[in-house]
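J.: The structure's right below; bear with me while I get my questions together.
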Amino acid sequence: MVRPLPPAAGNVALYELCCPRCGKVPVRRAFTLLELLELERVAERAWSETKSRPQVSLSSPRQR
(Lines give C-alpha, C1' and ligand atoms only; values in the text may rest on other atoms or scores of the structure.)
Protein backbone atom coordinates (compact mmCIF):
# COMPACT_ATOMS: atom_id res chain seq x y z
CA MET A 1 0.00 0.00 0.00
CA VAL A 2 1.17 3.55 -0.61
CA ARG A 3 0.53 6.46 1.71
CA PRO A 4 1.39 10.13 1.24
CA LEU A 5 4.10 11.91 3.22
CA PRO A 6 4.36 15.62 3.98
CA PRO A 7 5.58 17.59 0.94
CA ALA A 8 9.33 17.93 0.49
CA ALA A 9 11.25 21.00 -0.58
CA GLY A 10 9.72 22.42 -3.72
CA ASN A 11 6.31 20.95 -2.84
CA VAL A 12 7.14 17.57 -4.38
CA ALA A 13 4.56 14.98 -3.35
CA LEU A 14 6.24 12.00 -1.71
CA TYR A 15 4.88 8.58 -0.81
CA GLU A 16 6.05 5.59 1.20
CA LEU A 17 5.25 1.91 0.88
CA CYS A 18 3.60 0.30 3.88
CA CYS A 19 1.91 -2.95 4.82
CA PRO A 20 -1.87 -2.74 4.29
CA ARG A 21 -2.48 -5.01 7.29
CA CYS A 22 -0.25 -3.60 10.03
CA GLY A 23 0.85 -0.25 8.59
CA LYS A 24 4.56 -0.95 9.11
CA VAL A 25 6.99 0.59 6.64
CA PRO A 26 9.47 -2.06 5.40
CA VAL A 27 11.72 0.45 3.61
CA ARG A 28 12.36 3.93 4.91
CA ARG A 29 12.50 5.62 1.56
CA ALA A 30 10.22 8.20 0.02
CA PHE A 31 9.12 7.82 -3.60
CA THR A 32 7.75 10.34 -6.05
CA LEU A 33 4.67 9.45 -8.05
CA LEU A 34 6.80 8.98 -11.18
CA GLU A 35 9.08 6.56 -9.32
CA LEU A 36 6.09 4.57 -8.09
CA LEU A 37 4.65 4.37 -11.59
CA GLU A 38 8.01 3.13 -12.91
CA LEU A 39 8.20 0.51 -10.13
CA GLU A 40 4.69 -0.66 -11.04
CA ARG A 41 5.63 -0.91 -14.73
CA VAL A 42 8.76 -2.96 -13.94
CA ALA A 43 6.78 -5.24 -11.61
CA GLU A 44 4.08 -5.82 -14.24
CA ARG A 45 6.73 -6.68 -16.85
CA ALA A 46 8.45 -9.11 -14.47
CA TRP A 47 5.10 -10.71 -13.64
CA SER A 48 4.26 -11.11 -17.33
CA GLU A 49 7.65 -12.69 -18.05
CA THR A 50 7.19 -15.10 -15.13
CA LYS A 51 3.72 -16.11 -16.33
CA SER A 52 4.94 -16.71 -19.90
CA ARG A 53 7.78 -19.05 -18.89
CA PRO A 54 7.19 -22.78 -19.27
CA GLN A 55 6.36 -24.48 -15.99
CA VAL A 56 9.28 -26.38 -14.49
CA SER A 57 8.52 -29.72 -12.91
CA LEU A 58 9.58 -29.89 -9.29
CA SER A 59 9.65 -33.67 -9.15
CA SER A 60 12.23 -35.33 -6.95
CA PRO A 61 15.46 -36.63 -8.47
CA ARG A 62 15.40 -40.17 -9.76
CA GLN A 63 16.56 -42.86 -7.39
CA ARG A 64 19.21 -45.26 -8.77
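Each chain of the C-alpha coordinates is named A, B, ... in the order shown, its residues numbered from 1; ligands are numbered from 1 in display order.
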Could you pull out the helix (DSSP H, G or I) residues of chain A, going by DSSP on the backbone, and write them as a list of chain:residue names?

T.: A:Leu33, A:Leu34, A:Glu35, A:Leu36, A:Leu37, A:Glu38, A:Leu39, A:Glu40, A:Arg41, A:Val42, A:Ala43, A:Glu44, A:Arg45, A:Ala46, A:Trp47, A:Ser48, A:Glu49, A:Thr50, A:Lys51, A:Ser52

J.: Please return as a PyMOL selection string: the residues of chain A that backbone DSSP assigns to strand (DSSP E or B).

T.: chain A and resi 2-5+14-17+31-32

J.: Can you spit out the residues from that selection as a PDB file, in the first residue's frame, using N, CA and C atoms?

T.:
ATOM      1  N   VAL A   2       0.424   2.294  -0.546  1.00  0.00           N
ATOM      2  CA  VAL A   2       1.173   3.553  -0.614  1.00  0.00           C
ATOM      3  C   VAL A   2       0.416   4.594   0.198  1.00  0.00           C
ATOM      4  N   ARG A   3       1.169   5.362   0.980  1.00  0.00           N
ATOM      5  CA  ARG A   3       0.531   6.461   1.710  1.00  0.00           C
ATOM      6  C   ARG A   3       1.361   7.723   1.523  1.00  0.00           C
ATOM      7  N   PRO A   4       0.678   8.873   1.477  1.00  0.00           N
ATOM      8  CA  PRO A   4       1.389  10.134   1.242  1.00  0.00           C
ATOM      9  C   PRO A   4       2.188  10.571   2.464  1.00  0.00           C
ATOM     10  N   LEU A   5       3.263  11.295   2.190  1.00  0.00           N
ATOM     11  CA  LEU A   5       4.102  11.913   3.221  1.00  0.00           C
ATOM     12  C   LEU A   5       3.951  13.419   3.093  1.00  0.00           C
ATOM     13  N   LEU A  14       5.499  13.219  -1.976  1.00  0.00           N
ATOM     14  CA  LEU A  14       6.245  11.998  -1.712  1.00  0.00           C
ATOM     15  C   LEU A  14       5.326  10.959  -1.075  1.00  0.00           C
ATOM     16  N   TYR A  15       5.668   9.694  -1.304  1.00  0.00           N
ATOM     17  CA  TYR A  15       4.876   8.582  -0.807  1.00  0.00           C
ATOM     18  C   TYR A  15       5.810   7.534  -0.223  1.00  0.00           C
ATOM     19  N   GLU A  16       5.287   6.713   0.687  1.00  0.00           N
ATOM     20  CA  GLU A  16       6.049   5.589   1.203  1.00  0.00           C
ATOM     21  C   GLU A  16       5.218   4.320   1.067  1.00  0.00           C
ATOM     22  N   LEU A  17       5.914   3.203   0.951  1.00  0.00           N
ATOM     23  CA  LEU A  17       5.255   1.913   0.880  1.00  0.00           C
ATOM     24  C   LEU A  17       5.038   1.412   2.299  1.00  0.00           C
ATOM     25  N   PHE A  31       9.186   7.942  -2.152  1.00  0.00           N
ATOM     26  CA  PHE A  31       9.117   7.823  -3.601  1.00  0.00           C
ATOM     27  C   PHE A  31       8.244   8.931  -4.161  1.00  0.00           C
ATOM     28  N   THR A  32       8.626   9.417  -5.332  1.00  0.00           N
ATOM     29  CA  THR A  32       7.747  10.339  -6.046  1.00  0.00           C
ATOM     30  C   THR A  32       6.714   9.509  -6.803  1.00  0.00           C
TER      31      THR A  32
END

J.: Work out how far atom CA of Val42 of chain A is from atom CA of Pro20 of chain A, in Å to one decimal.

T.: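 Those two atoms sit 21.1 Å apart.
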
J.: Work out how far atom CA of Glu35 of chain A is from atom CA of Met1 of chain A, in Å to one decimal.

T.: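 A separation of 14.6 Å between them.
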
J.: Please compute the atom CA of Ser48 of chain A-atom CA of Leu34 of chain A distance, one decimal, in Å.

T.: 21.2 Å
